[in-house]
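See structure below.
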Amino acid sequence: MEVLRLYANQYRDLFPSPLSLFNSTDFSELNSEKCVSLHYLAFKSGKVRLGIILGEKEKSFCVPFSASYGGFSFNSAVSIQHYYEACECLRHYIHQFLKPLYVTLAPPIYDESDNAKTLKALINAGAQIVNVDYNHYFDLSYFGDYNKIIDSTTRNKLNKALTSGLQFDVLEGKNYADIVRVYSVIMKNHQERNHPLRMSLTNVVDTLQIIPSDLFVVTDNDGTDIAAALIYHTSKTTYQVVYWGNITAYKNLYAMNFLAYKLFEYYSKTEVKKLDIGISTEEGEPNFGLCEFKENIGCKAVPRFTLVI
């Protein structure tokens, strides 16, 4: 097997429908200023089997370099042998730059087989696991029995929210005013919790112009925005909650229980199969309150691995 370094347009032509939008050239080019250089690599054995996008920084390579996760792209089923060969080629490729490579894999909800093949092949090529996060998701096929899969306390909170006059609105993903509404709630939420907001309003506006996404807002009886969500169409069947949150002053209305329920209801009527709710850990350490909330609203946990070569 040989590794080929390509231009962005060549890579796009080879992998027009990657596993996730985070593996796409459009997303990579949008965030390219965050790297010294982008390396679009294809692994060829008879024909091109796999591809990967590396973000080169001053002291390391990163996959992803500006997203939740990354990994290989492919167009059809790839044998385990070819994963092994590709990871060995990848190890030799980065060795010439004398920089380590950090890889955060997509959680297995996107493609269990790819996740398993990549994880073992990377380890075989000398990678070490340096972090394991809990990544929660909601299986939308369970929504029909939602009241049965949540406990009585959560059910009572939801019932109060459903009878308190809250309004759930679907906004326009590329409309500037709608983006500002959602971002304002999310920014307030992060400020109240002393959590950094990694994307500026400009970053979000620019990203949503090229990335398919959905915006939602919850308002109270007075029409005040009290909760909101930004969701990426990360793959055909799994969407990711990039940001969601509520304003603390209105927590007695249980707006997050309401928002989660309405999101699950909304997407259960579409072709989407799972909602990726994101990690519930900080540098690998679980946020127990966040884990409990997500599991109380019906989510399940899977691992998300970060490795280094």
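In the structure tokens, chains take letters A, B, ... by order of appearance, with residues numbered from 1 within each chain and ligands from 1 in the order shown.
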Worksheet item: In segment 181-210 of chain A, what's alpha helix (DSSP H) per DSSP? Answer as number ranges by chain?
Response: A: 181-193, 201-208
Worksheet item: If we count only C-alpha atoms, what is near Leu101 of chain A at a cut-off of 9 Å, once residues fewer than 5 positions away on the same chain are taken out, given as JSON, numbers by chain?
Response: {"A": [54, 56, 60, 61, 62, 63, 91, 94, 127, 307, 308, 309]}
Would you mind exporting N, CA and C atoms of the selected residues as a compact mmCIF listing (two decimals), in the first residue's frame?
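File produced: selection_38.txt:
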```txt
# COMPACT_ATOMS: atom_id res chain seq x y z
N LEU A 54 -5.36 15.30 7.74
CA LEU A 54 -4.56 15.66 8.90
C LEU A 54 -4.43 17.18 8.98
N GLU A 56 -1.98 19.82 10.34
CA GLU A 56 -0.63 19.97 10.88
C GLU A 56 -0.54 21.26 11.69
N SER A 60 2.38 19.19 16.40
CA SER A 60 1.69 17.91 16.26
C SER A 60 0.81 17.90 15.03
N PHE A 61 0.36 16.72 14.67
CA PHE A 61 -0.73 16.53 13.71
C PHE A 61 -1.98 16.20 14.51
N CYS A 62 -3.14 16.65 14.01
CA CYS A 62 -4.39 16.39 14.73
C CYS A 62 -5.48 15.93 13.77
N VAL A 63 -6.18 14.90 14.17
CA VAL A 63 -7.38 14.42 13.49
C VAL A 63 -8.45 14.24 14.55
N ARG A 91 1.70 5.88 9.95
CA ARG A 91 2.78 5.99 10.93
C ARG A 91 4.08 6.40 10.25
N ILE A 94 3.92 10.26 9.02
CA ILE A 94 4.12 11.32 10.01
C ILE A 94 5.52 11.27 10.62
N ALA A 127 -0.06 3.13 18.12
CA ALA A 127 -0.80 4.18 18.82
C ALA A 127 -1.14 3.75 20.24
N LEU A 307 -6.29 8.75 20.57
CA LEU A 307 -5.05 8.00 20.55
C LEU A 307 -3.91 8.91 20.06
N VAL A 308 -2.69 8.51 20.34
CA VAL A 308 -1.51 9.24 19.84
C VAL A 308 -0.50 8.24 19.28
N ILE A 309 0.03 8.59 18.12
CA ILE A 309 1.16 7.87 17.55
C ILE A 309 2.38 8.78 17.69
```
Practice prompt. Would you kindly return, as JSON, numbers by chain, each protein, DNA or RNA residue with an atom no farther than 9 Å from any atom of Asn31 of chain A, considering only C-alpha atoms and excluding same-chain residues fewer than 4 positions away?
Written response: {"A": [26, 27, 35, 65, 66, 207]}
Worksheet entry | Spatial neighbours of Ile231 of chain A, max dist 9 Å, only C-alpha atoms, sep filter under 5 positions, as a PyMOL selection string | chain A and resi 212-216+239-244
Discussion item. Based on the backbone DSSP call, show me all residues of segment 52-188 of chain A assigned strand (DSSP E or B), as a ChimeraX atom specification.
Written reply: /A:52-56,61-63,70,73,101-105,128-139,167-171
File dump, residues just selected, N, CA and C atoms, as a short mmCIF file (atom, residue, chain, number, x, y, z; two decimals), in the first residue's frame:
```
data_model
loop_
_atom_site.label_atom_id
_atom_site.label_comp_id
_atom_site.auth_asym_id
_atom_site.auth_seq_id
_atom_site.Cartn_x
_atom_site.Cartn_y
_atom_site.Cartn_z
N ILE A 52 -7.74 10.19 4.69
CA ILE A 52 -7.80 10.88 5.98
C ILE A 52 -7.27 12.30 5.81
N ILE A 53 -7.80 13.22 6.60
CA ILE A 53 -7.37 14.61 6.56
C ILE A 53 -6.64 14.93 7.86
N LEU A 54 -5.36 15.30 7.74
CA LEU A 54 -4.56 15.66 8.90
C LEU A 54 -4.43 17.18 8.98
N GLY A 55 -4.58 17.70 10.18
CA GLY A 55 -4.30 19.10 10.41
C GLY A 55 -2.93 19.22 11.06
N GLU A 56 -1.98 19.82 10.34
CA GLU A 56 -0.63 19.97 10.88
C GLU A 56 -0.54 21.26 11.69
N PHE A 61 0.36 16.72 14.67
CA PHE A 61 -0.73 16.53 13.71
C PHE A 61 -1.98 16.20 14.51
N CYS A 62 -3.14 16.65 14.01
CA CYS A 62 -4.39 16.39 14.73
C CYS A 62 -5.48 15.93 13.77
N VAL A 63 -6.18 14.90 14.17
CA VAL A 63 -7.38 14.42 13.49
C VAL A 63 -8.45 14.24 14.55
N GLY A 70 -12.72 12.72 14.19
CA GLY A 70 -12.31 12.55 12.80
C GLY A 70 -12.08 11.07 12.53
N SER A 73 -11.98 8.14 5.73
CA SER A 73 -13.09 8.18 4.77
C SER A 73 -12.95 7.00 3.83
N LEU A 101 1.01 12.32 16.18
CA LEU A 101 -0.33 12.43 15.60
C LEU A 101 -1.36 12.06 16.64
N TYR A 102 -2.29 12.98 16.90
CA TYR A 102 -3.41 12.72 17.81
C TYR A 102 -4.67 12.48 16.99
N VAL A 103 -5.37 11.40 17.30
CA VAL A 103 -6.58 11.03 16.57
C VAL A 103 -7.73 10.82 17.56
N THR A 104 -8.79 11.58 17.40
CA THR A 104 -10.02 11.33 18.16
C THR A 104 -11.03 10.71 17.21
N LEU A 105 -11.40 9.47 17.50
CA LEU A 105 -12.31 8.73 16.62
C LEU A 105 -13.76 9.13 16.87
N GLN A 128 -1.21 4.72 21.13
CA GLN A 128 -1.62 4.48 22.51
C GLN A 128 -2.87 5.28 22.80
N ILE A 129 -3.79 4.69 23.54
CA ILE A 129 -4.99 5.42 23.96
C ILE A 129 -4.61 6.39 25.06
N VAL A 130 -4.90 7.67 24.84
CA VAL A 130 -4.54 8.70 25.84
C VAL A 130 -5.76 9.28 26.52
N ASN A 131 -6.94 9.00 25.99
CA ASN A 131 -8.14 9.53 26.63
C ASN A 131 -9.36 8.74 26.15
N VAL A 132 -10.30 8.51 27.05
CA VAL A 132 -11.58 7.91 26.70
C VAL A 132 -12.68 8.79 27.29
N ASP A 133 -13.53 9.30 26.42
CA ASP A 133 -14.65 10.14 26.85
C ASP A 133 -15.94 9.33 26.82
N TYR A 134 -16.88 9.72 27.69
CA TYR A 134 -18.25 9.23 27.56
C TYR A 134 -18.95 10.11 26.53
N ASN A 135 -19.54 9.49 25.52
CA ASN A 135 -20.31 10.22 24.52
C ASN A 135 -21.75 9.71 24.56
N HIS A 136 -22.69 10.59 24.87
CA HIS A 136 -24.09 10.18 24.99
C HIS A 136 -24.86 10.41 23.69
N TYR A 137 -25.84 9.57 23.47
CA TYR A 137 -26.69 9.70 22.29
C TYR A 137 -28.10 9.22 22.62
N PHE A 138 -29.06 9.66 21.79
CA PHE A 138 -30.43 9.19 21.94
C PHE A 138 -30.85 8.45 20.69
N ASP A 139 -31.33 7.22 20.88
CA ASP A 139 -31.84 6.40 19.79
C ASP A 139 -33.29 6.79 19.54
N GLN A 167 -43.02 27.40 24.42
CA GLN A 167 -43.17 27.31 22.97
C GLN A 167 -41.86 26.81 22.36
N PHE A 168 -41.96 25.85 21.46
CA PHE A 168 -40.80 25.29 20.76
C PHE A 168 -40.86 25.73 19.31
N ASP A 169 -39.82 26.45 18.85
CA ASP A 169 -39.82 26.97 17.48
C ASP A 169 -38.62 26.48 16.71
N VAL A 170 -38.87 26.10 15.46
CA VAL A 170 -37.82 25.72 14.52
C VAL A 170 -37.44 26.97 13.74
N LEU A 171 -36.15 27.33 13.77
CA LEU A 171 -35.69 28.53 13.11
C LEU A 171 -34.98 28.21 11.80
#
```
Discussion item. Nearest residue to Tyr93 of chain A out of A:Tyr110, A:Tyr40, A:Tyr69, A:Tyr183, using only C-alpha atoms?
Written reply: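 The shortest atom-to-atom distance to Tyr93 of chain A comes from A:Tyr40.
When only C-alpha atoms are used to measure the gap to Arg5 of chain A, the shortest distance among A:Leu38, A:Val205, A:Leu21, A:Leu166 belongs to A:Leu38.
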Discussion item. Restricting the calculation to only C-alpha atoms: of A:Tyr142, A:Phe97, A:Tyr232, A:Phe72, which residue gets closest to Ala121 of chain A?
Written reply: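 Looking at the shortest contact to Ala121 of chain A, the residue is A:Phe72.
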Worksheet item: Pick from A:Pro107, A:Pro64, A:Gly289, A:Gly51: nearest to Leu90 of chain A, with only C-alpha atoms counted?
Response: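 Selected residue with least distance to Leu90 of chain A: A:Gly51.
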Practice prompt. Rank nothing, just name the residue among A:Val204, A:Val180, A:Leu19, A:Leu14 nearest to Lys44 of chain A, using only C-alpha atoms.
Written response: A:Leu14
Discussion item. Here is a test: counting only C-alpha atoms, which residue of A:Ser280, A:Met1, A:Gln10, A:Tyr261 is nearest to Thr154 of chain A?
Written reply: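 Comparing A:Ser280, A:Met1, A:Gln10, A:Tyr261 against Thr154 of chain A, the winner is A:Tyr261.
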Practice prompt. Using only C-alpha atoms, determine which residues lie at most 8 Å from Ala106 of chain A, disregarding the query and same-chain residues fewer than 6 positions distant; provide the list as a VMD selection string.
Written response: chain A and resid 68 to 71 115 304 to 305
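Atom CA of Phe43 of chain A lies 7.9 Å from atom CA of Cys89 of chain A.
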Discussion item. Please list as a VMD selection string every residue within 12 Å of Phe143 of chain A, counting only C-alpha atoms and excluding residues in the same chain fewer than 4 positions away.
Written reply: chain A and resid 138 to 139 147 to 150 260 to 269 273 to 275 297 to 299
